[in-house]
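*Asks:* Next comes the structure file input.pdb, holding PDB, C-alpha atoms.
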MODEL        1
ATOM      1  CA  MET A 690     -78.964  46.022 -40.597
ATOM      2  CA  PRO A 691     -78.819  44.340 -37.350
ATOM      3  CA  ILE A 692     -75.846  42.167 -36.646
ATOM      4  CA  GLU A 693     -76.767  38.714 -35.546
ATOM      5  CA  GLN A 694     -74.349  36.884 -33.402
ATOM      6  CA  ASP A 695     -74.587  33.306 -32.300
ATOM      7  CA  PHE A 696     -73.438  33.636 -28.743
ATOM      8  CA  GLU A 697     -73.714  29.970 -28.056
ATOM      9  CA  ASN A 698     -71.339  28.943 -30.820
ATOM     10  CA  LEU A 699     -68.741  31.498 -30.142
ATOM     11  CA  PRO A 700     -65.259  29.981 -30.363
ATOM     12  CA  ILE A 701     -63.783  29.607 -26.971
ATOM     13  CA  ALA A 702     -60.843  31.849 -26.614
ATOM     14  CA  PRO A 703     -57.799  29.937 -25.410
ATOM     15  CA  GLU A 704     -56.697  30.775 -21.939
ATOM     16  CA  LYS A 705     -53.949  33.295 -22.348
ATOM     17  CA  SER A 706     -52.083  32.445 -19.123
ATOM     18  CA  ALA A 707     -51.896  28.630 -19.619
ATOM     19  CA  ARG A 708     -49.733  28.596 -22.784
ATOM     20  CA  PRO A 709     -46.783  30.597 -21.476
ATOM     21  CA  LYS A 710     -46.840  28.488 -18.304
ATOM     22  CA  LYS A 711     -46.645  25.289 -20.320
ATOM     23  CA  ARG A 712     -43.811  26.702 -22.408
ATOM     24  CA  LEU A 713     -41.995  27.740 -19.280
ATOM     25  CA  VAL A 714     -42.331  24.262 -17.810
ATOM     26  CA  VAL A 715     -41.055  22.668 -21.016
ATOM     27  CA  PHE A 716     -38.186  25.142 -21.203
ATOM     28  CA  VAL A 717     -37.197  24.609 -17.587
ATOM     29  CA  SER A 718     -37.357  20.836 -17.866
ATOM     30  CA  VAL A 719     -35.278  20.814 -21.092
ATOM     31  CA  PHE A 720     -32.766  23.214 -19.579
ATOM     32  CA  GLY A 721     -32.650  21.211 -16.354
ATOM     33  CA  THR A 722     -32.091  17.926 -18.177
ATOM     34  CA  ALA A 723     -29.357  19.513 -20.266
ATOM     35  CA  LEU A 724     -27.694  20.865 -17.144
ATOM     36  CA  VAL A 725     -27.828  17.505 -15.384
ATOM     37  CA  LEU A 726     -26.390  15.813 -18.474
ATOM     38  CA  LEU A 727     -23.598  18.384 -18.676
ATOM     39  CA  LEU A 728     -22.815  17.911 -15.010
ATOM     40  CA  ALA A 729     -22.778  14.143 -15.381
ATOM     41  CA  VAL A 730     -20.403  14.388 -18.359
ATOM     42  CA  ALA A 731     -18.172  16.808 -16.468
ATOM     43  CA  ILE A 732     -18.014  14.535 -13.387
ATOM     44  CA  PHE A 733     -17.355  11.442 -15.504
ATOM     45  CA  ALA A 734     -14.594  13.222 -17.427
ATOM     46  CA  GLY A 735     -13.128  14.429 -14.150
ATOM     47  CA  PHE A 736     -13.007  10.900 -12.702
ATOM     48  CA  ASN A 737     -11.422   9.537 -15.857
ATOM     49  CA  GLN A 738      -8.775  12.221 -15.771
ATOM     50  CA  LYS A 739      -8.068  11.436 -12.116
ATOM     51  CA  ASP A 740      -7.762   7.720 -12.845
ATOM     52  CA  SER A 741      -5.412   8.210 -15.755
ATOM     53  CA  SER A 742      -3.260  10.632 -13.814
ATOM     54  CA  GLN A 743      -3.043   8.078 -10.988
ATOM     55  CA  SER A 744      -1.891   5.328 -13.267
ATOM     56  CA  ILE A 745       0.684   7.559 -14.947
ATOM     57  CA  SER A 746       2.369   8.772 -11.762
ATOM     58  CA  GLU A 747       5.519   6.710 -11.216
ATOM     59  CA  LYS A 748       6.489   7.845  -7.772
ATOM     60  CA  PRO A 749       4.273   7.929  -4.736
ATOM     61  CA  THR A 750       3.796  11.279  -3.134
ATOM     62  CA  PRO A 751       6.305  11.502  -0.327
ATOM     63  CA  THR A 752       4.768  11.573   3.096
ATOM     64  CA  THR A 753       6.591  13.702   5.546
ATOM     65  CA  THR A 754       6.610  12.460   9.090
ATOM     66  CA  THR A 755       7.471  14.969  11.711
ATOM     67  CA  LYS A 756       8.929  13.634  14.903
ATOM     68  CA  PHE A 757       7.211  14.771  18.049
ATOM     69  CA  LYS A 758       9.475  16.948  20.091
ATOM     70  CA  GLU A 759       8.392  17.748  23.576
ATOM     71  CA  GLU A 760       8.638  21.349  24.608
ATOM     72  CA  ILE A 761      10.306  21.718  27.973
ATOM     73  CA  THR A 762       8.593  24.458  29.926
ATOM     74  CA  SER A 763      10.866  24.356  32.950
ATOM     75  CA  PRO A 764      14.263  23.093  31.776
ATOM     76  CA  SER A 765      16.893  21.804  34.153
ATOM     77  CA  PRO A 766      20.569  22.812  33.788
ATOM     78  CA  TYR A 767      20.960  19.563  31.815
ATOM     79  CA  ALA A 768      18.316  20.231  29.157
ATOM     80  CA  THR A 769      21.026  21.308  26.713
ATOM     81  CA  ASP A 770      23.817  19.110  28.047
ATOM     82  CA  ALA A 771      25.703  17.751  25.020
ATOM     83  CA  ALA A 772      26.428  14.356  26.584
ATOM     84  CA  LEU A 773      22.799  13.869  27.616
ATOM     85  CA  LEU A 774      21.514  14.938  24.201
ATOM     86  CA  LYS A 775      23.893  12.446  22.583
ATOM     87  CA  ILE A 776      22.573   9.612  24.779
ATOM     88  CA  GLU A 777      19.021  10.753  23.967
ATOM     89  CA  GLU A 778      19.713  10.490  20.238
ATOM     90  CA  GLU A 779      21.299   7.053  20.636
ATOM     91  CA  VAL A 780      18.386   5.803  22.740
ATOM     92  CA  GLY A 781      16.001   7.087  20.056
ATOM     93  CA  ASN A 782      17.919   5.225  17.343
ATOM     94  CA  LEU A 783      17.959   2.126  19.496
ATOM     95  CA  GLU A 784      14.194   2.311  19.911
ATOM     96  CA  GLU A 785      13.752   2.329  16.123
ATOM     97  CA  LYS A 786      16.117  -0.631  15.876
ATOM     98  CA  ILE A 787      14.167  -2.580  18.525
ATOM     99  CA  GLN A 788      10.872  -1.850  16.771
ATOM    100  CA  ALA A 789      12.287  -2.934  13.411
ATOM    101  CA  THR A 790      13.750  -6.219  14.689
ATOM    102  CA  ASP A 791      12.121  -9.207  13.008
ATOM    103  CA  LEU A 792      11.663 -12.007  15.515
ATOM    104  CA  LYS A 793       9.713 -14.286  13.216
ATOM    105  CA  GLU A 794      12.031 -14.653  10.214
ATOM    106  CA  VAL A 795       9.161 -15.810   8.033
ATOM    107  CA  ASN A 796      11.503 -15.817   5.022
ATOM    108  CA  LEU A 797      13.512 -18.558   6.697
ATOM    109  CA  THR A 798      10.610 -20.904   7.418
ATOM    110  CA  PRO A 799      11.818 -24.460   6.693
ATOM    111  CA  PRO A 800      10.638 -25.870   3.356
ATOM    112  CA  LEU A 801       7.684 -28.242   3.333
ATOM    113  CA  LEU A 802       8.936 -31.556   2.042
ATOM    114  CA  GLU A 803       7.238 -34.858   1.343
ATOM    115  CA  MET A 804       9.544 -37.496   2.729
ATOM    116  CA  GLU A 805       7.080 -40.388   2.487
ATOM    117  CA  VAL A 806       8.047 -41.549  -0.982
ATOM    118  CA  ASN A 807       6.413 -44.671  -2.408
ATOM    119  CA  PHE A 808       7.562 -46.402  -5.541
ATOM    120  CA  GLU A 809       5.002 -48.469  -7.374
ATOM    121  CA  LYS A 810       6.244 -51.555  -9.105
TER     122      LYS A 810
ATOM    123  CA  MET B 572      11.655 -35.563  -7.267
ATOM    124  CA  LEU B 573      14.129 -36.835  -4.669
ATOM    125  CA  ASN B 574      16.874 -34.980  -6.467
ATOM    126  CA  HIS B 575      14.876 -31.757  -6.389
ATOM    127  CA  GLN B 576      14.137 -32.183  -2.674
ATOM    128  CA  ASP B 577      17.856 -32.517  -1.997
ATOM    129  CA  GLU B 578      18.460 -29.364  -3.996
ATOM    130  CA  VAL B 579      15.793 -27.472  -2.015
ATOM    131  CA  ILE B 580      17.363 -28.564   1.288
ATOM    132  CA  LYS B 581      20.855 -27.576   0.122
ATOM    133  CA  THR B 582      19.662 -24.132  -1.006
ATOM    134  CA  TYR B 583      17.731 -23.560   2.214
ATOM    135  CA  LEU B 584      20.679 -24.560   4.392
ATOM    136  CA  THR B 585      22.964 -22.235   2.418
ATOM    137  CA  ALA B 586      20.506 -19.339   2.983
ATOM    138  CA  LEU B 587      20.434 -20.156   6.689
ATOM    139  CA  LYS B 588      24.221 -20.167   6.845
ATOM    140  CA  LEU B 589      24.395 -16.784   5.115
ATOM    141  CA  LYS B 590      21.899 -15.332   7.574
ATOM    142  CA  LEU B 591      23.892 -16.732  10.467
ATOM    143  CA  THR B 592      27.084 -14.964   9.414
ATOM    144  CA  GLY B 593      25.329 -11.581   9.550
ATOM    145  CA  ILE B 594      24.227 -11.899  13.187
ATOM    146  CA  SER B 595      26.385  -9.876  15.547
ATOM    147  CA  GLY B 596      25.011 -11.108  18.882
ATOM    148  CA  LEU B 597      26.339 -14.650  18.498
ATOM    149  CA  SER B 598      29.645 -15.790  19.912
ATOM    150  CA  ASN B 599      32.289 -16.814  17.385
ATOM    151  CA  ASP B 600      32.283 -20.351  18.740
ATOM    152  CA  GLU B 601      28.524 -20.762  18.402
ATOM    153  CA  GLN B 602      28.574 -19.285  14.912
ATOM    154  CA  HIS B 603      31.474 -21.537  13.920
ATOM    155  CA  ILE B 604      29.881 -24.736  15.244
ATOM    156  CA  LEU B 605      26.503 -24.066  13.611
ATOM    157  CA  SER B 606      28.165 -23.070  10.351
ATOM    158  CA  LEU B 607      30.228 -26.249  10.356
ATOM    159  CA  ASN B 608      27.163 -28.402  11.034
ATOM    160  CA  LEU B 609      25.251 -26.698   8.237
ATOM    161  CA  ASP B 610      28.170 -27.339   5.869
ATOM    162  CA  ASN B 611      28.155 -31.024   6.839
ATOM    163  CA  GLU B 612      24.431 -31.261   6.058
ATOM    164  CA  ILE B 613      24.877 -29.507   2.710
ATOM    165  CA  THR B 614      27.653 -31.984   1.863
ATOM    166  CA  TRP B 615      25.484 -34.943   2.902
ATOM    167  CA  PHE B 616      22.600 -33.927   0.621
ATOM    168  CA  GLY B 617      25.057 -33.241  -2.211
ATOM    169  CA  GLN B 618      26.433 -36.773  -1.878
ATOM    170  CA  HIS B 619      22.904 -38.103  -1.674
ATOM    171  CA  GLN B 620      22.122 -36.474  -5.015
ATOM    172  CA  GLU B 621      25.083 -38.286  -6.542
ATOM    173  CA  GLU B 622      23.876 -41.531  -5.024
ATOM    174  CA  LEU B 623      20.449 -40.986  -6.582
ATOM    175  CA  ASN B 624      21.979 -40.333  -9.969
ATOM    176  CA  LYS B 625      23.950 -43.574  -9.731
ATOM    177  CA  ALA B 626      20.959 -45.657  -8.591
ATOM    178  CA  GLY B 627      20.627 -48.617 -10.936
ATOM    179  CA  SER B 628      17.458 -50.201  -9.662
ATOM    180  CA  LEU B 629      14.197 -49.410  -7.902
ATOM    181  CA  GLU B 630      15.585 -50.996  -4.730
ATOM    182  CA  ASP B 631      18.498 -48.541  -4.804
ATOM    183  CA  LEU B 632      16.069 -45.623  -5.107
ATOM    184  CA  VAL B 633      13.878 -46.898  -2.245
ATOM    185  CA  ASP B 634      16.996 -47.274  -0.128
ATOM    186  CA  ALA B 635      18.192 -43.744  -1.007
ATOM    187  CA  ALA B 636      14.756 -42.266  -0.208
ATOM    188  CA  GLY B 637      14.811 -43.956   3.214
ATOM    189  CA  LYS B 638      18.260 -42.552   3.973
ATOM    190  CA  SER B 639      17.120 -39.062   3.012
ATOM    191  CA  LYS B 640      14.095 -39.272   5.306
ATOM    192  CA  GLU B 641      16.251 -40.417   8.209
ATOM    193  CA  GLN B 642      18.855 -37.731   7.627
ATOM    194  CA  TYR B 643      16.272 -34.962   7.410
ATOM    195  CA  GLN B 644      15.189 -35.762  10.986
ATOM    196  CA  LYS B 645      18.673 -34.659  12.080
ATOM    197  CA  THR B 646      18.697 -31.732   9.653
ATOM    198  CA  GLU B 647      15.432 -30.393  11.067
ATOM    199  CA  VAL B 648      16.924 -30.256  14.572
ATOM    200  CA  LEU B 649      19.868 -28.280  13.222
ATOM    201  CA  ILE B 650      17.533 -25.973  11.262
ATOM    202  CA  TYR B 651      15.470 -25.054  14.307
ATOM    203  CA  GLN B 652      18.536 -24.695  16.514
ATOM    204  CA  THR B 653      20.082 -22.351  13.961
ATOM    205  CA  LEU B 654      16.884 -20.323  13.644
ATOM    206  CA  GLY B 655      16.704 -20.069  17.428
ATOM    207  CA  ALA B 656      20.347 -18.991  17.579
ATOM    208  CA  ILE B 657      19.721 -16.292  14.936
ATOM    209  CA  LEU B 658      16.812 -14.821  16.929
ATOM    210  CA  ALA B 659      18.682 -15.127  20.234
ATOM    211  CA  GLY B 660      21.702 -13.434  18.649
ATOM    212  CA  LYS B 661      19.565 -10.468  17.662
ATOM    213  CA  GLU B 662      18.271 -10.192  21.214
ATOM    214  CA  THR B 663      21.759 -10.414  22.708
ATOM    215  CA  ALA B 664      23.017  -7.650  20.422
ATOM    216  CA  LEU B 665      20.140  -5.349  21.379
ATOM    217  CA  ARG B 666      20.558  -6.130  25.072
ATOM    218  CA  GLU B 667      24.256  -5.282  24.899
ATOM    219  CA  GLU B 668      23.429  -1.944  23.294
ATOM    220  CA  ILE B 669      20.833  -1.110  25.958
ATOM    221  CA  SER B 670      23.314  -2.155  28.643
ATOM    222  CA  GLN B 671      25.817   0.326  27.200
ATOM    223  CA  LYS B 672      23.235   3.104  27.300
ATOM    224  CA  ILE B 673      22.394   2.265  30.933
ATOM    225  CA  LYS B 674      26.082   2.521  31.745
ATOM    226  CA  SER B 675      26.373   5.941  30.076
ATOM    227  CA  LEU B 676      23.271   7.197  31.872
ATOM    228  CA  LYS B 677      24.495   5.882  35.205
ATOM    229  CA  GLU B 678      27.683   7.880  34.790
ATOM    230  CA  LYS B 679      25.714  10.997  33.901
ATOM    231  CA  VAL B 680      23.316  10.589  36.816
ATOM    232  CA  GLY B 681      26.286  10.064  39.178
ATOM    233  CA  GLU B 682      27.860  13.267  37.879
ATOM    234  CA  ILE B 683      24.602  15.215  38.417
ATOM    235  CA  ARG B 684      24.198  13.807  41.905
ATOM    236  CA  LEU B 685      27.694  14.987  42.825
ATOM    237  CA  LYS B 686      26.957  18.487  41.576
ATOM    238  CA  GLY B 687      23.768  18.497  43.610
ATOM    239  CA  ASP B 688      21.826  20.878  41.356
ATOM    240  CA  LYS B 689      19.151  18.324  40.478
ATOM    241  CA  ASP B 690      17.367  15.592  42.375
ATOM    242  CA  THR B 691      18.378  12.261  40.819
ATOM    243  CA  SER B 692      16.428   9.852  43.026
ATOM    244  CA  LEU B 693      13.712   9.198  40.407
ATOM    245  CA  ALA B 694      16.247   8.717  37.624
ATOM    246  CA  GLU B 695      18.189   6.279  39.813
ATOM    247  CA  ARG B 696      15.058   4.300  40.580
ATOM    248  CA  TRP B 697      14.211   4.061  36.876
ATOM    249  CA  LEU B 698      17.755   2.979  36.098
ATOM    250  CA  LEU B 699      17.210   0.056  38.444
ATOM    251  CA  GLU B 700      13.915  -0.719  36.663
ATOM    252  CA  ALA B 701      15.665  -0.669  33.282
ATOM    253  CA  GLU B 702      18.309  -3.079  34.584
ATOM    254  CA  ASN B 703      15.568  -5.256  35.989
ATOM    255  CA  ARG B 704      13.935  -5.450  32.535
ATOM    256  CA  LEU B 705      17.264  -6.476  31.015
ATOM    257  CA  THR B 706      17.558  -9.306  33.529
ATOM    258  CA  LYS B 707      14.026 -10.470  32.744
ATOM    259  CA  SER B 708      14.781 -10.345  29.031
ATOM    260  CA  GLN B 709      17.882 -12.477  29.626
ATOM    261  CA  GLU B 710      15.805 -14.980  31.615
ATOM    262  CA  LYS B 711      13.264 -15.338  28.805
ATOM    263  CA  GLN B 712      16.050 -15.854  26.300
ATOM    264  CA  PHE B 713      17.546 -18.521  28.514
ATOM    265  CA  ALA B 714      14.131 -20.211  28.713
ATOM    266  CA  ALA B 715      13.975 -20.199  24.891
ATOM    267  CA  GLN B 716      17.409 -21.801  24.690
ATOM    268  CA  GLN B 717      16.367 -24.443  27.203
ATOM    269  CA  THR B 718      13.310 -25.218  25.074
ATOM    270  CA  LEU B 719      15.452 -25.628  21.972
ATOM    271  CA  VAL B 720      17.691 -28.079  23.823
ATOM    272  CA  LYS B 721      14.630 -30.335  24.095
ATOM    273  CA  LEU B 722      14.648 -30.765  20.320
ATOM    274  CA  LYS B 723      15.640 -34.293  19.392
ATOM    275  CA  GLU B 724      15.675 -36.250  16.151
ATOM    276  CA  SER B 725      12.833 -38.312  17.541
ATOM    277  CA  SER B 726      10.723 -35.267  18.533
ATOM    278  CA  LEU B 727       7.358 -35.664  16.865
ATOM    279  CA  ASN B 728       6.478 -31.997  16.608
ATOM    280  CA  LYS B 729       9.654 -30.022  16.149
ATOM    281  CA  THR B 730       7.778 -26.999  14.840
ATOM    282  CA  ARG B 731       5.732 -26.735  18.041
ATOM    283  CA  ILE B 732       8.874 -26.831  20.195
ATOM    284  CA  TYR B 733      10.506 -24.166  18.041
ATOM    285  CA  ASN B 734       7.377 -21.976  18.209
ATOM    286  CA  GLU B 735       7.467 -22.264  21.992
ATOM    287  CA  ALA B 736      11.064 -21.038  22.018
ATOM    288  CA  GLN B 737      10.240 -18.257  19.583
ATOM    289  CA  SER B 738       7.393 -17.126  21.824
ATOM    290  CA  SER B 739       9.808 -16.878  24.782
ATOM    291  CA  LEU B 740      12.109 -14.761  22.635
ATOM    292  CA  GLU B 741       9.234 -12.431  21.797
ATOM    293  CA  LYS B 742       8.599 -11.976  25.509
ATOM    294  CA  SER B 743      12.296 -11.286  25.964
ATOM    295  CA  HIS B 744      12.020  -8.647  23.245
ATOM    296  CA  GLN B 745       9.102  -7.008  25.044
ATOM    297  CA  PHE B 746      11.309  -6.549  28.126
ATOM    298  CA  LEU B 747      13.949  -4.890  25.952
ATOM    299  CA  LYS B 748      11.336  -2.448  24.689
ATOM    300  CA  GLU B 749      10.363  -1.639  28.264
ATOM    301  CA  ALA B 750      13.997  -1.176  29.323
ATOM    302  CA  ASN B 751      14.535   1.286  26.508
ATOM    303  CA  SER B 752      11.361   3.159  27.428
ATOM    304  CA  TYR B 753      12.745   3.627  30.935
ATOM    305  CA  LEU B 754      15.902   5.123  29.465
ATOM    306  CA  LYS B 755      13.827   7.617  27.499
ATOM    307  CA  GLU B 756      11.937   8.571  30.631
ATOM    308  CA  ILE B 757      15.170   9.019  32.616
ATOM    309  CA  ILE B 758      16.504  11.435  29.987
ATOM    310  CA  ARG B 759      13.209  13.327  30.003
ATOM    311  CA  GLU B 760      13.335  13.573  33.787
ATOM    312  CA  LEU B 761      16.931  14.857  33.773
ATOM    313  CA  LYS B 762      16.060  17.546  31.244
ATOM    314  CA  HIS B 763      13.231  18.902  33.390
ATOM    315  CA  ALA B 764      13.782  21.100  36.429
ATOM    316  CA  ASP B 765      12.726  19.731  39.824
TER     317      ASP B 765
ENDMDL
END
Translate the structure described by the file into C-alpha cells.
*Replies:*
Amino acid sequence: MPIEQDFENLPIAPEKSARPKKRLVVFVSVFGTALVLLLAVAIFAGFNQKDSSQSISEKPTPTTTTKFKEEITSPSPYATDAALLKIEEEVGNLEEKIQATDLKEVNLTPPLLEMEVNFEK
Amino acid sequence: MLNHQDEVIKTYLTALKLKLTGISGLSNDEQHILSLNLDNEITWFGQHQEELNKAGSLEDLVDAAGKSKEQYQKTEVLIYQTLGAILAGKETALREEISQKIKSLKEKVGEIRLKGDKDTSLAERWLLEAENRLTKSQEKQFAAQQTLVKLKESSLNKTRIYNEAQSSLEKSHQFLKEANSYLKEIIRELKHAD
C-alpha cells in the first residue's frame, strides 16, 4: 500500500536554533537586571553605612601638618650654632604670633543702638 | 527699652575694659586713663538707669532719653579711642619683640664678622631693611593715632574715622610681617656657606 503524504500541509518544523537564542537572551537580561539591582542595593547600603559612621564619629580625624624644613646642602660653620638656632625658633614663633594677631576685633564692634526715641502721647 | 539700652552699653563697656587690661603693648598711664574713663561711663549709665526707674511722668522719660543720647556721643568717642588703643597696643608689643630679635641678630652678625669665617654683608643689609620696616610700621601706627585724635563728639561719622585708623594699623602690621620675613632670611643666609 502506497503511503500518501500531503507535502503541502506538512507542519512546519520550528527553527531549532531560534529557541535557544531567545532563551539565552531572556536569561542574560534577567541575570543582568538582577546584577544591576544587586549592585544598586550594595552601593546604597554602602552610602548609608558611610553616612551613619560619619554622624557617629565624635572627634574629627586629626590632620598632621609637617613643617617644611629646608635642607642645607652647603652649611656654614653657623648652621648648627645654638644661639642662632634659638633665634630662629623665636623668630618662627613670632611669625605665628604675627599671623594670628586679630586687627579687626569684630567681637568688640560697638552695639547698634536706637537713640532717637519718640514717646507718643 | 531705655533701661535695656543702658544695660547693653554698661555690659559692652565692661567687656572693653576687660580686653584693655589684657593688652601688653600699652603704657600703664594710657591703660589707667582709658580704664578710668570707661568706669566713669559705666557709672553714668548706671545712674541713668536709676533716673529712668524714678521717672514719674512722660516728660521725665523724654528728658532722660535726651540725656542718654547726648551722653552716648561722648561714649562713642571713648569706645573708638579704646578700640584703637587696643589694636595699637598689640602692634607695639609685636614691634618690641621684633626689635629684640633684631638686636640679638645684630650681636650674632657682629660676632661672625669679627671671626671673619663668613661674609656678613648681605645679612647686615637685610638687618637695615628689617629696621626700616619697623620704622615704617611705627609711622603707620602714628598715623592711625593721629586719625583717632580727630574723633570728636560732634563727628558725624565716627565709624568711618575709626575704620580709617584701623586701616592704617593693618598697613603697620604688614610692615611687621615684612620685618620678620627679613629676619628669617638673615638666619637662612647665616646658616649657608658663602
*Asks:* Which of these, B:Asn703, B:Ser725, B:Thr585, B:Ser628, has the shortest distance to Ile673 in chain B once you count only C-alpha atoms?
*Replies:*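 Nearest to Ile673 in chain B: B:Asn703.
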*Asks:* Can you turn the PyMOL selection byres ((chain A) within 9 of (chain B)) into a concrete residue list for this file, as a VMD selection string?
*Replies:* chain A and resid 761 to 770 772 to 774 776 to 777 779 to 781 783 to 784 786 to 788 790 to 794 797 to 800 802 to 808 810
*Asks:* With C-alpha atoms kept, could you save the residues just selected as a short mmCIF file (atom, residue, chain, number, x, y, z; two decimals), in the frame of the given file?
*Replies:*
data_model
loop_
_atom_site.label_atom_id
_atom_site.label_comp_id
_atom_site.auth_asym_id
_atom_site.auth_seq_id
_atom_site.Cartn_x
_atom_site.Cartn_y
_atom_site.Cartn_z
CA ILE A 761 10.31 21.72 27.97
CA THR A 762 8.59 24.46 29.93
CA SER A 763 10.87 24.36 32.95
CA PRO A 764 14.26 23.09 31.78
CA SER A 765 16.89 21.80 34.15
CA PRO A 766 20.57 22.81 33.79
CA TYR A 767 20.96 19.56 31.82
CA ALA A 768 18.32 20.23 29.16
CA THR A 769 21.03 21.31 26.71
CA ASP A 770 23.82 19.11 28.05
CA ALA A 772 26.43 14.36 26.58
CA LEU A 773 22.80 13.87 27.62
CA LEU A 774 21.51 14.94 24.20
CA ILE A 776 22.57 9.61 24.78
CA GLU A 777 19.02 10.75 23.97
CA GLU A 779 21.30 7.05 20.64
CA VAL A 780 18.39 5.80 22.74
CA GLY A 781 16.00 7.09 20.06
CA LEU A 783 17.96 2.13 19.50
CA GLU A 784 14.19 2.31 19.91
CA LYS A 786 16.12 -0.63 15.88
CA ILE A 787 14.17 -2.58 18.52
CA GLN A 788 10.87 -1.85 16.77
CA THR A 790 13.75 -6.22 14.69
CA ASP A 791 12.12 -9.21 13.01
CA LEU A 792 11.66 -12.01 15.52
CA LYS A 793 9.71 -14.29 13.22
CA GLU A 794 12.03 -14.65 10.21
CA LEU A 797 13.51 -18.56 6.70
CA THR A 798 10.61 -20.90 7.42
CA PRO A 799 11.82 -24.46 6.69
CA PRO A 800 10.64 -25.87 3.36
CA LEU A 802 8.94 -31.56 2.04
CA GLU A 803 7.24 -34.86 1.34
CA MET A 804 9.54 -37.50 2.73
CA GLU A 805 7.08 -40.39 2.49
CA VAL A 806 8.05 -41.55 -0.98
CA ASN A 807 6.41 -44.67 -2.41
CA PHE A 808 7.56 -46.40 -5.54
CA LYS A 810 6.24 -51.56 -9.10
#
*Asks:* Can you work out the spacing between CA of Gln671 in chain B and CA of Glu702 in chain B in Å, to one decimal?
*Replies:*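 If I compute the distance from CA of Gln671 in chain B to CA of Glu702 in chain B, I get 11.1 Å.
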*Asks:* Between B:Gly687, B:Thr663, B:Glu710, B:Leu649, which one has atoms that come closest to Tyr733 in chain B, using all atoms listed in the file?
*Replies:* B:Leu649
